[in-house]
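Asks: mmCIF, C-alpha atoms, file work_9.cif:
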```cif
data_target
loop_
_atom_site.label_atom_id
_atom_site.label_comp_id
_atom_site.auth_asym_id
_atom_site.auth_seq_id
_atom_site.Cartn_x
_atom_site.Cartn_y
_atom_site.Cartn_z
CA MET A 1 0.00 0.00 0.00
CA SER A 2 1.36 3.45 -0.86
CA THR A 3 2.32 5.99 1.79
CA ALA A 4 -0.48 8.29 0.64
CA ALA A 5 -3.03 5.50 0.93
CA ILE A 6 -1.82 4.53 4.40
CA SER A 7 -2.01 8.15 5.49
CA THR A 8 -5.56 8.50 4.18
CA ARG A 9 -6.74 5.31 5.86
CA ALA A 10 -5.03 6.28 9.09
CA GLY A 11 -6.63 9.71 8.93
CA ARG A 12 -10.11 8.19 8.59
CA GLU A 13 -9.51 5.71 11.41
CA LEU A 14 -8.13 8.37 13.76
CA GLY A 15 -10.95 10.71 12.78
CA SER A 16 -13.44 8.09 13.92
CA ILE A 17 -11.73 8.10 17.34
CA CYS A 18 -11.49 11.81 18.10
CA GLY A 19 -13.46 13.53 15.34
CA ILE A 20 -12.34 14.16 11.78
CA GLU A 21 -12.07 17.89 12.52
CA HIS A 22 -9.23 17.07 14.91
CA VAL A 23 -7.11 15.26 12.30
CA THR A 24 -4.83 17.06 9.84
CA GLU A 25 -3.09 15.23 7.02
CA ALA A 26 0.20 16.29 5.40
CA PRO A 27 1.62 18.81 5.22
CA VAL A 28 1.84 19.24 9.01
CA GLU A 29 4.59 20.23 11.44
CA THR A 30 8.07 18.78 11.32
CA VAL A 31 9.92 17.11 14.18
CA ASN A 32 13.64 17.87 14.04
CA GLY A 33 13.34 18.31 10.29
CA CYS A 34 11.21 15.19 9.72
CA ALA A 35 7.71 15.97 8.40
CA ALA A 36 4.84 14.16 10.11
CA SER A 37 2.35 12.28 7.94
CA LEU A 38 -0.60 13.52 9.95
CA ALA A 39 -1.46 15.32 13.17
CA VAL A 40 -4.19 14.43 15.63
CA ARG A 41 -5.64 16.32 18.62
CA PRO A 42 -7.41 13.93 21.00
CA GLY A 43 -9.65 15.31 23.73
CA ASN A 44 -9.09 12.85 26.58
CA ALA A 45 -7.05 9.89 27.81
CA GLU A 46 -9.44 7.32 26.35
CA GLU A 47 -9.05 8.75 22.86
CA ILE A 48 -5.26 8.77 23.28
CA ALA A 49 -5.36 5.13 24.37
CA ALA A 50 -7.41 4.21 21.29
CA ILE A 51 -5.00 6.10 19.01
CA LEU A 52 -2.00 4.29 20.50
CA ARG A 53 -3.68 0.90 20.19
CA PHE A 54 -4.36 1.67 16.52
CA ALA A 55 -0.72 2.72 16.09
CA ASN A 56 0.47 -0.53 17.66
CA GLU A 57 -1.77 -2.60 15.41
CA ASN A 58 -0.46 -0.83 12.30
CA ASN A 59 3.16 -0.23 13.39
CA LEU A 60 2.80 3.56 13.18
CA THR A 61 5.25 5.79 15.03
CA VAL A 62 3.77 8.43 17.34
CA VAL A 63 5.42 11.63 18.59
CA PRO A 64 3.67 13.46 21.47
CA ALA A 65 3.71 17.26 21.19
CA GLY A 66 2.79 20.05 23.58
CA GLY A 67 3.93 23.61 22.98
CA PHE A 68 6.62 22.54 20.48
CA THR A 69 9.36 24.21 22.51
CA GLN A 70 11.61 21.13 22.88
CA GLN A 71 11.01 19.20 19.67
CA GLN A 72 14.51 20.12 18.48
CA THR A 73 15.98 17.74 21.09
CA GLY A 74 17.16 14.23 20.17
CA ALA A 75 18.03 12.59 16.88
CA VAL A 76 16.18 13.11 13.61
CA PRO A 77 13.48 10.41 13.52
CA ALA A 78 13.40 8.15 10.47
CA GLN A 79 9.68 8.84 10.15
CA VAL A 80 6.80 10.38 12.08
CA ASP A 81 3.49 8.78 11.19
CA VAL A 82 1.34 10.50 13.83
CA LEU A 83 2.04 13.77 15.60
CA LEU A 84 -0.17 13.69 18.69
CA HIS A 85 -0.96 17.15 20.06
CA THR A 86 -2.15 17.50 23.67
CA SER A 87 -3.59 21.00 23.09
CA ARG A 88 -7.17 19.96 23.94
CA LEU A 89 -6.21 18.55 27.35
CA THR A 90 -6.62 21.81 29.30
CA GLU A 91 -9.23 20.97 31.94
CA ILE A 92 -8.73 22.11 35.54
CA GLU A 93 -9.30 18.82 37.35
CA HIS A 94 -9.18 20.30 40.85
CA TYR A 95 -7.94 23.46 42.54
CA ASP A 96 -7.72 23.99 46.30
CA PRO A 97 -5.85 27.22 47.16
CA ALA A 98 -6.13 26.56 50.89
CA ASP A 99 -4.53 23.13 50.48
CA LEU A 100 -1.92 24.49 48.02
CA THR A 101 -2.75 21.90 45.35
CA VAL A 102 -3.95 21.93 41.75
CA GLY A 103 -4.70 19.29 39.13
CA ILE A 104 -4.58 20.27 35.46
CA GLY A 105 -4.58 18.81 31.97
CA ALA A 106 -1.26 18.21 30.25
CA GLY A 107 -2.07 20.52 27.34
CA GLN A 108 -2.49 23.64 29.45
CA THR A 109 0.36 26.12 29.25
CA VAL A 110 2.52 26.96 32.23
CA ALA A 111 1.69 30.64 31.73
CA LYS A 112 -2.07 30.03 31.97
CA LEU A 113 -1.63 27.99 35.15
CA CYS A 114 0.52 30.72 36.72
CA GLU A 115 -2.01 33.36 35.75
CA MET A 116 -4.87 31.39 37.31
CA ILE A 117 -3.23 30.84 40.70
CA ARG A 118 -1.68 34.31 40.96
CA ALA A 119 -5.02 35.76 42.06
CA SER A 120 -4.81 33.55 45.16
CA GLY A 121 -1.28 34.70 45.97
CA LEU A 122 0.23 31.38 44.92
CA LEU A 123 3.28 30.33 42.92
CA PHE A 124 3.85 27.40 40.57
CA ALA A 125 7.50 26.35 40.83
CA GLY A 126 7.93 25.35 37.18
CA ASP A 127 9.74 27.96 35.08
CA PRO A 128 10.63 26.34 31.75
CA PRO A 129 11.89 28.20 28.69
CA ALA A 130 9.18 29.81 26.55
CA TRP A 131 6.61 29.45 29.34
CA GLN A 132 3.88 31.10 27.25
CA GLN A 133 3.97 28.09 24.88
CA ALA A 134 5.40 25.35 27.12
CA THR A 135 2.76 22.94 28.39
CA ILE A 136 2.39 21.09 31.66
CA GLY A 137 2.86 17.77 29.89
CA GLY A 138 5.98 19.02 28.12
CA LEU A 139 7.43 20.36 31.36
CA LEU A 140 7.06 16.91 32.95
CA ALA A 141 8.06 14.84 29.92
CA THR A 142 11.32 16.75 29.47
CA GLY A 143 12.01 17.40 33.14
CA ILE A 144 13.21 20.87 32.09
CA THR A 145 13.95 23.22 34.98
CA GLY A 146 14.75 26.91 35.26
CA PRO A 147 16.44 29.01 37.96
CA ARG A 148 13.75 28.23 40.54
CA ARG A 149 15.14 24.72 40.76
CA HIS A 150 17.51 25.91 43.51
CA GLY A 151 14.73 26.92 45.88
CA PHE A 152 11.89 24.60 44.90
CA GLY A 153 13.50 21.58 43.25
CA GLY A 154 12.55 20.08 39.90
CA PRO A 155 9.22 18.64 38.68
CA ARG A 156 9.89 15.40 40.56
CA ASP A 157 9.79 17.40 43.79
CA TYR A 158 6.52 19.32 43.35
CA CYS A 159 4.49 16.96 41.13
CA ILE A 160 2.29 14.86 43.43
CA GLY A 161 0.16 12.94 40.94
CA ILE A 162 0.19 12.04 37.27
CA HIS A 163 -2.19 10.56 34.68
CA PHE A 164 -0.82 8.93 31.55
CA VAL A 165 -1.33 6.44 28.72
CA THR A 166 1.40 3.87 28.08
CA GLY A 167 2.87 3.26 24.64
CA ASP A 168 0.73 0.17 24.18
CA GLY A 169 -2.50 2.04 24.99
CA ARG A 170 -3.13 1.41 28.68
CA VAL A 171 -4.51 4.23 30.86
CA GLY A 172 -2.69 4.63 34.17
CA LYS A 173 -1.99 6.97 37.06
CA GLY A 174 0.50 7.48 39.85
CA GLY A 175 0.46 9.47 43.07
CA GLY A 176 -2.67 11.43 43.93
CA ARG A 177 -4.22 14.80 44.70
CA VAL A 178 -2.64 15.41 48.10
CA VAL A 179 0.97 15.98 49.10
CA LYS A 180 1.21 13.00 51.48
CA ASN A 181 -0.12 10.40 49.05
CA VAL A 182 2.58 7.73 48.71
CA ALA A 183 0.54 4.69 47.64
CA GLY A 184 1.64 2.47 44.75
CA TYR A 185 4.63 2.57 42.42
CA ASP A 186 6.28 5.94 41.89
CA MET A 187 5.20 6.26 38.26
CA MET A 188 5.65 10.04 38.41
CA LYS A 189 9.42 9.85 38.70
CA LEU A 190 9.52 7.21 35.99
CA LEU A 191 7.67 9.34 33.44
CA ILE A 192 9.11 12.74 34.38
CA GLY A 193 12.13 13.29 32.16
CA SER A 194 11.35 10.30 29.91
CA TRP A 195 10.94 12.60 26.86
CA GLY A 196 7.73 10.96 25.68
CA THR A 197 9.33 7.54 25.15
CA LEU A 198 7.34 5.54 27.72
CA GLY A 199 3.87 7.06 27.67
CA ILE A 200 1.86 10.20 27.03
CA ILE A 201 1.15 12.34 30.09
CA THR A 202 -2.49 13.48 30.10
CA GLY A 203 -2.69 15.41 33.38
CA ALA A 204 -0.95 16.04 36.67
CA SER A 205 -1.38 17.36 40.20
CA PHE A 206 1.07 19.73 41.85
CA LYS A 207 1.78 21.27 45.19
CA LEU A 208 1.86 25.06 45.03
CA PHE A 209 3.74 27.64 47.10
CA PRO A 210 2.85 31.00 48.67
CA ARG A 211 4.00 33.92 46.52
CA SER A 212 6.46 36.27 48.19
CA ALA A 213 5.36 39.89 48.16
CA GLN A 214 8.90 41.23 48.14
CA LYS A 215 11.95 39.93 46.26
CA ARG A 216 15.45 41.20 45.58
CA THR A 217 18.38 39.90 43.54
CA PHE A 218 21.95 40.54 44.66
CA VAL A 219 24.66 40.44 41.99
CA ALA A 220 28.31 39.64 42.78
CA GLY A 221 30.97 39.80 40.05
CA PHE A 222 34.26 37.88 39.85
CA SER A 223 37.21 37.69 37.50
CA THR A 224 37.55 33.89 37.63
CA MET A 225 35.21 30.92 37.86
CA ASN A 226 37.16 29.69 40.90
CA GLU A 227 36.23 32.84 42.81
CA ALA A 228 32.60 32.52 41.74
CA VAL A 229 32.40 28.90 42.93
CA ASP A 230 34.10 29.82 46.23
CA TYR A 231 31.42 32.48 46.71
CA ARG A 232 28.75 29.86 46.02
CA ASN A 233 30.25 27.71 48.76
CA ALA A 234 30.07 30.63 51.19
CA VAL A 235 26.41 31.23 50.33
CA LEU A 236 25.57 27.55 50.83
CA ARG A 237 27.27 27.58 54.24
CA SER A 238 25.38 30.69 55.30
CA PRO A 239 21.95 30.77 57.00
CA LEU A 240 20.40 32.20 53.82
CA ALA A 241 17.79 30.22 51.86
CA PRO A 242 17.66 31.90 48.43
CA MET A 243 15.00 31.21 45.83
CA CYS A 244 17.64 31.21 43.11
CA LEU A 245 21.44 30.91 43.06
CA GLU A 246 22.68 31.33 39.51
CA LEU A 247 26.11 31.39 37.88
CA VAL A 248 26.42 33.43 34.67
CA SER A 249 29.51 33.65 32.46
CA SER A 250 30.36 36.80 30.51
CA GLU A 251 29.19 35.29 27.19
CA ALA A 252 25.85 34.29 28.74
CA GLY A 253 25.58 37.59 30.61
CA GLY A 254 25.79 39.52 27.36
CA LEU A 255 22.51 37.86 26.31
CA LEU A 256 20.65 38.90 29.47
CA PRO A 257 19.12 42.22 30.59
CA PRO A 258 21.08 44.07 31.87
CA PRO A 259 24.49 42.72 30.73
CA ALA A 260 26.43 41.28 33.66
CA GLY A 261 29.73 43.02 32.94
CA ALA A 262 31.94 40.69 35.01
CA ALA A 263 33.71 37.61 33.65
CA TRP A 264 31.69 35.47 36.07
CA SER A 265 28.67 36.62 38.07
CA VAL A 266 26.66 35.01 40.85
CA TYR A 267 23.03 36.07 41.22
CA VAL A 268 21.36 35.45 44.59
CA ARG A 269 17.58 35.95 44.73
CA GLY A 270 16.07 36.41 48.16
CA ALA A 271 12.47 36.90 49.27
CA GLY A 272 10.91 38.18 52.46
CA SER A 273 10.47 41.24 54.64
CA ASP A 274 12.74 44.29 54.75
CA ALA A 275 14.54 42.69 57.68
CA VAL A 276 15.13 39.45 55.76
CA LEU A 277 16.46 41.30 52.72
CA ALA A 278 18.69 43.40 54.96
CA ARG A 279 20.15 40.17 56.31
CA TYR A 280 20.87 39.01 52.77
CA ARG A 281 22.68 42.27 52.14
CA ALA A 282 24.76 41.90 55.29
CA VAL A 283 25.66 38.23 54.82
CA LEU A 284 26.50 38.51 51.11
CA GLY A 285 28.88 41.33 51.90
CA THR A 286 30.94 43.67 49.77
CA ALA A 287 31.14 41.27 46.82
CA VAL A 288 27.64 42.45 45.85
CA GLY A 289 28.03 45.23 43.30
CA ARG A 290 24.40 45.87 42.44
CA GLU A 291 20.84 44.84 43.17
CA LEU A 292 17.84 44.11 40.96
CA GLU A 293 14.25 44.66 42.00
CA GLY A 294 10.77 45.16 40.60
CA GLU A 295 10.21 44.81 36.87
CA ASP A 296 13.95 44.72 36.12
CA GLU A 297 14.37 41.73 38.41
CA ASP A 298 11.38 39.88 36.97
CA ALA A 299 12.63 40.51 33.42
CA PHE A 300 16.08 39.22 34.30
CA TRP A 301 14.87 35.92 35.75
CA ARG A 302 12.44 35.38 32.88
CA ALA A 303 15.36 35.90 30.48
CA VAL A 304 17.48 33.38 32.43
CA ALA A 305 14.70 30.79 32.21
CA ASP A 306 14.17 31.53 28.50
CA LEU A 307 17.87 31.51 27.57
CA PRO A 308 18.03 27.89 26.31
CA HIS A 309 15.06 28.47 23.99
CA ALA A 310 16.30 31.88 22.88
CA LEU A 311 19.77 30.53 22.14
CA TRP A 312 18.74 27.84 19.68
CA GLN A 313 16.31 30.24 17.99
CA GLN A 314 18.80 33.10 17.69
CA ARG A 315 21.87 30.90 17.11
CA PRO A 316 20.76 27.76 15.23
CA GLU A 317 24.45 26.88 14.89
CA SER A 318 24.81 26.60 18.68
CA LEU A 319 25.16 23.42 20.71
CA LEU A 320 23.28 23.36 24.03
CA LEU A 321 24.18 20.87 26.76
CA SER A 322 22.51 20.23 30.11
CA PHE A 323 24.51 18.73 32.99
CA SER A 324 23.60 17.48 36.45
CA VAL A 325 26.73 17.05 38.53
CA PRO A 326 27.66 16.74 42.22
CA LEU A 327 28.35 20.12 43.83
CA SER A 328 32.04 19.29 44.17
CA ASP A 329 32.29 18.68 40.41
CA VAL A 330 30.80 21.99 39.19
CA LEU A 331 34.23 23.64 38.98
CA PRO A 332 36.00 20.68 37.25
CA VAL A 333 33.23 20.38 34.64
CA LEU A 334 33.32 24.13 33.95
CA THR A 335 37.12 24.00 33.71
CA ASP A 336 37.04 21.09 31.27
CA ALA A 337 34.31 22.74 29.19
CA THR A 338 36.24 26.01 28.98
CA SER A 339 39.44 24.24 27.98
CA LEU A 340 37.73 22.06 25.36
CA ALA A 341 35.87 25.03 23.90
CA GLU A 342 39.07 27.01 23.46
CA GLY A 343 40.91 23.99 22.05
CA ASN A 344 38.22 23.41 19.42
CA GLY A 345 37.74 27.02 18.32
CA LEU A 346 34.40 27.40 20.10
CA LYS A 347 32.90 30.08 22.31
CA LEU A 348 31.33 29.04 25.61
CA ALA A 349 28.35 30.55 27.42
CA ALA A 350 27.56 29.05 30.83
CA ILE A 351 24.66 29.51 33.20
CA GLY A 352 23.46 27.21 35.92
CA ARG A 353 21.87 26.49 39.25
CA ILE A 354 25.26 26.01 40.87
CA GLY A 355 23.74 25.41 44.30
CA VAL A 356 22.19 22.15 43.07
CA GLY A 357 24.75 21.18 40.40
CA HIS A 358 22.70 21.96 37.29
CA LEU A 359 24.65 23.55 34.42
CA LEU A 360 23.64 24.71 30.95
CA LEU A 361 26.51 25.17 28.49
CA ALA A 362 26.17 26.66 25.01
CA LEU A 363 28.92 26.35 22.40
CA TRP A 364 29.21 28.01 19.01
CA PRO A 365 32.05 28.67 16.54
CA ALA A 366 34.43 31.51 17.34
CA VAL A 367 36.18 31.89 13.99
CA GLY A 368 36.35 29.17 11.38
CA GLY A 369 34.83 26.48 13.59
CA THR A 370 33.65 23.23 12.00
CA ASP A 371 31.05 20.57 12.80
CA SER A 372 33.85 18.20 13.81
CA ALA A 373 34.74 20.63 16.62
CA TYR A 374 31.34 20.00 18.22
CA VAL A 375 31.71 16.24 18.03
CA SER A 376 35.22 16.40 19.50
CA ALA A 377 34.23 18.71 22.35
CA VAL A 378 31.06 16.81 23.31
CA SER A 379 32.72 13.39 23.17
CA ALA A 380 35.58 14.58 25.36
CA LEU A 381 33.23 16.24 27.86
CA ARG A 382 31.07 13.13 28.07
CA ASN A 383 34.11 10.92 28.69
CA ARG A 384 35.45 13.21 31.42
CA LEU A 385 32.25 13.38 33.44
CA PRO A 386 32.30 11.81 36.91
CA HIS A 387 30.36 8.55 37.14
CA ASP A 388 27.48 10.11 39.09
CA ALA A 389 26.99 13.02 36.65
CA SER A 390 24.72 13.18 33.61
CA MET A 391 24.65 15.04 30.31
CA VAL A 392 21.90 15.63 27.74
CA VAL A 393 22.22 17.31 24.34
CA LEU A 394 19.27 19.75 24.23
CA HIS A 395 20.05 21.21 20.82
CA CYS A 396 22.74 20.83 18.20
CA PRO A 397 23.36 22.07 14.65
CA ALA A 398 21.77 20.10 11.84
CA GLY A 399 25.18 19.01 10.54
CA VAL A 400 25.93 16.95 13.65
CA GLN A 401 22.39 15.86 14.54
CA THR A 402 23.11 12.27 13.54
CA GLU A 403 26.41 12.02 15.41
CA ILE A 404 25.53 13.66 18.73
CA GLY A 405 21.87 14.72 18.69
CA ALA A 406 20.72 11.74 20.75
CA LEU A 407 23.71 11.60 23.10
CA ARG A 408 23.05 11.38 26.81
CA THR A 409 24.63 9.65 29.78
CA PRO A 410 21.93 7.44 31.30
CA THR A 411 22.54 5.38 34.40
CA HIS A 412 21.36 1.77 34.54
CA ALA A 413 20.78 1.67 30.77
CA GLU A 414 19.61 -1.95 30.75
CA SER A 415 16.96 -1.17 33.39
CA MET A 416 15.76 1.71 31.25
CA ARG A 417 15.48 -0.56 28.22
CA ALA A 418 13.49 -3.06 30.30
CA VAL A 419 11.03 -0.32 31.32
CA LYS A 420 10.71 0.72 27.67
CA ARG A 421 9.89 -2.86 26.69
CA ALA A 422 7.27 -3.07 29.45
CA LEU A 423 5.45 0.19 28.65
CA ASP A 424 6.06 0.55 24.91
CA PRO A 425 6.98 -2.94 23.64
CA LYS A 426 6.67 -2.08 19.94
CA ASP A 427 8.71 1.14 20.29
CA ILE A 428 5.82 3.24 19.00
CA LEU A 429 6.62 6.45 20.92
CA ASN A 430 9.42 8.71 19.66
CA ARG A 431 11.13 5.84 17.86
CA GLY A 432 14.80 6.54 17.25
CA ARG A 433 14.80 10.00 18.89
CA PHE A 434 16.69 9.07 22.03
CA VAL A 435 19.37 6.39 22.13
CA LEU A 436 20.77 4.90 25.32
#
```
Can the structure in the file be given as structure tokens, please?
Replies:
Amino acid sequence: MSTAAISTRAGRELGSICGIEHVTEAPVETVNGCAASLAVRPGNAEEIAAILRFANENNLTVVPAGGFTQQQTGAVPAQVDVLLHTSRLTEIEHYDPADLTVGIGAGQTVAKLCEMIRASGLLFAGDPPAWQQATIGGLLATGITGPRRHGFGGPRDYCIGIHFVTGDGRVGKGGGRVVKNVAGYDMMKLLIGSWGTLGIITGASFKLFPRSAQKRTFVAGFSTMNEAVDYRNAVLRSPLAPMCLELVSSEAGGLLPPPAGAAWSVYVRGAGSDAVLARYRAVLGTAVGRELEGEDEDAFWRAVADLPHALWQQRPESLLLSFSVPLSDVLPVLTDATSLAEGNGLKLAAIGRIGVGHLLLALWPAVGGTDSAYVSAVSALRNRLPHDASMVVLHCPAGVQTEIGALRTPTHAESMRAVKRALDPKDILNRGRFVL
């Protein structure tokens, strides 16, 4: 049967599941340069389950899609038969401001959720890049975190319940609607950060946080990364409990408002009363050269969260890497990255939640750089990582997508493959995008 005929039959079958008006045949969006045969927008978990069962029966590949802010990650898929949008899954399942909990559909945007709870003086801890487009399901599937990770943790820390459909079309859930619910297997942590390879997240419950009325960011500048990391150590030893603790290199600082100026800067964001902020000022000492507040402060932290997305849009030739490393290894990893960048004719921009060991490194050609420089630098960095560190390629130039686009450093790879076989035995979801 021809590809066109298969697409037409699949379109009719999927239209019978979720309504023909919610099916679009080619041309539709592309995933990492690979055009999808058709797109479908189911309205609930049962329709998703039926779509996945149909895909299994007909060996069709399915790529879940939310706000399309992270679809540039991973390898170029050989084919995308069905692009499954979660945009209709926006229902508020429950909302209890007094209990600091909310349940929401996976297709709702982070921005809409934040807007809804703001009226109650509450804060959602998730701050992914491009939050106006990023969806709840995408936030969980990618495990992407922004600068709030220092004070609030990642999605695994504030997600308390999850609803999903496995790759073979089974509807499931994990956790619950209350913070202390610990019954059953911890399916939340299994699916969060799985990049849509095990199942499709349809909804989730979160714990929320009180919004601080007053915030201030203290900026300390240093001439070397060693001094900046020493300052981080002093902050971590202090009685302060900052919302954010961010390291910014000069190259990264030039992309943020206002430009940092120093070779290495540490941004400490505190919240509380005048007395609390005065204590921050006293403890942080004379290293602080300036302070950010009000709209300037909000704009700065939004720009920090958006930087990964802005980088690959503004510099499509850039390579973006995400690292999670022990606190003691932040300086060695930065040192290695700086040395390898210089040795391969690349520029390096670094930001990161250095209080929890999360680094984002962007590389792009200085003068006369080549694609082979990326491969050399990434391979060397990956080989030099400590055994308990991890690395993910979030974006890379098209010329090296095949070589390094799917690179990551998973732990317990065989266990991960066993989970994949259990939840998506025919490898329907995101086939070929992410290689262990």
Asks: Residue by residue, what does the PyMOL selection byres ((chain A and resi 265-267) around 10) grab here? Present the result as an mmCIF file with C-alpha atoms, keeping the file's coordinate frame.
Replies:
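Contents of part_17.cif, freshly written:
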```cif
data_model
loop_
_atom_site.group_PDB
_atom_site.id
_atom_site.type_symbol
_atom_site.label_atom_id
_atom_site.label_comp_id
_atom_site.auth_asym_id
_atom_site.auth_seq_id
_atom_site.Cartn_x
_atom_site.Cartn_y
_atom_site.Cartn_z
ATOM 1 C CA THR A 217 18.380 39.900 43.540
ATOM 2 C CA PHE A 218 21.950 40.540 44.660
ATOM 3 C CA VAL A 219 24.660 40.440 41.990
ATOM 4 C CA ALA A 220 28.310 39.640 42.780
ATOM 5 C CA GLY A 221 30.970 39.800 40.050
ATOM 6 C CA PHE A 222 34.260 37.880 39.850
ATOM 7 C CA SER A 223 37.210 37.690 37.500
ATOM 8 C CA THR A 224 37.550 33.890 37.630
ATOM 9 C CA MET A 225 35.210 30.920 37.860
ATOM 10 C CA GLU A 227 36.230 32.840 42.810
ATOM 11 C CA ALA A 228 32.600 32.520 41.740
ATOM 12 C CA VAL A 229 32.400 28.900 42.930
ATOM 13 C CA TYR A 231 31.420 32.480 46.710
ATOM 14 C CA ARG A 232 28.750 29.860 46.020
ATOM 15 C CA PRO A 242 17.660 31.900 48.430
ATOM 16 C CA CYS A 244 17.640 31.210 43.110
ATOM 17 C CA LEU A 245 21.440 30.910 43.060
ATOM 18 C CA GLU A 246 22.680 31.330 39.510
ATOM 19 C CA LEU A 247 26.110 31.390 37.880
ATOM 20 C CA VAL A 248 26.420 33.430 34.670
ATOM 21 C CA SER A 249 29.510 33.650 32.460
ATOM 22 C CA SER A 250 30.360 36.800 30.510
ATOM 23 C CA GLY A 253 25.580 37.590 30.610
ATOM 24 C CA ALA A 260 26.430 41.280 33.660
ATOM 25 C CA GLY A 261 29.730 43.020 32.940
ATOM 26 C CA ALA A 262 31.940 40.690 35.010
ATOM 27 C CA ALA A 263 33.710 37.610 33.650
ATOM 28 C CA TRP A 264 31.690 35.470 36.070
ATOM 29 C CA VAL A 268 21.360 35.450 44.590
ATOM 30 C CA ARG A 269 17.580 35.950 44.730
ATOM 31 C CA GLY A 270 16.070 36.410 48.160
ATOM 32 C CA ALA A 287 31.140 41.270 46.820
ATOM 33 C CA VAL A 288 27.640 42.450 45.850
ATOM 34 C CA ARG A 290 24.400 45.870 42.440
ATOM 35 C CA GLU A 291 20.840 44.840 43.170
ATOM 36 C CA LEU A 292 17.840 44.110 40.960
ATOM 37 C CA TRP A 301 14.870 35.920 35.750
ATOM 38 C CA ILE A 351 24.660 29.510 33.200
ATOM 39 C CA GLY A 352 23.460 27.210 35.920
ATOM 40 C CA ARG A 353 21.870 26.490 39.250
ATOM 41 C CA ILE A 354 25.260 26.010 40.870
#
```
Asks: Got a sec: who's within 6 Å of stretch 311-320 of chain A, counting all atoms listed in the file, leaving out chain neighbours fewer than 6 positions off, as a count of residues only?
Replies: 8
Asks: Just want the 10 Å neighbourhood of A:Cys34, counted on all atoms listed in the file, with same-chain residues fewer than 5 positions away dropped. Output as a ChimeraX atom specification.
Replies: /A:29,76-80
Asks: Can you list, as a ChimeraX atom specification, the residues that the PyMOL selection byres ((chain A and resi 328) around 12) selects here?
Replies: /A:229-230,232-233,324-327,329-334,354-358,386,388-389
Asks: Using only C-alpha atoms, pick whichever of A:Ala125, A:Leu236, A:Ile117, A:Ala39 has the shortest atom-to-atom distance to A:Ser87.
Replies: A:Ala39
Asks: Report as lines of an AutoDock Vina configuration file the centre and the edge lengths, in Å to one decimal, of the axis-aligned box holding every listed atom of stretch 40-59 of chain A, padded by 8 Å on each side.
Replies:
```
center_x = -3.2
center_y = 6.9
center_z = 20.1
size_x = 28.8
size_y = 34.9
size_z = 31.5
```
Asks: In Å to one decimal, how far is atom CA of A:Ser238 from atom CA of A:Leu123?
Replies: 25.3 Å
Asks: Here is a test: counting all atoms listed in the file, which residue of A:Leu360, A:Ile51, A:Leu122, A:Ile160 is nearest to A:Ser390?
Replies: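 Looking at the shortest contact to A:Ser390, the residue is A:Leu360.
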Asks: Figure out the distance between atom CA of A:Asn383 and atom CA of A:Arg149, please, to one decimal in Å.
Replies: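 Result for atom CA of A:Arg149 versus atom CA of A:Asn383: 26.4 Å, one decimal.
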Asks: Suppose a student applies the PyMOL selection byres ((chain A and resi 306) around 9) to this structure; what residues should they get, written as a ChimeraX atom specification?
Replies: /A:127-131,146,301-305,307-311
Asks: Within 9 Å of A:Asp371, counting all atoms listed in the file, which residues qualify if same-chain residues fewer than 2 places away don't, as a PyMOL selection string?
Replies: chain A and resi 365+369+373-376+397+399-400
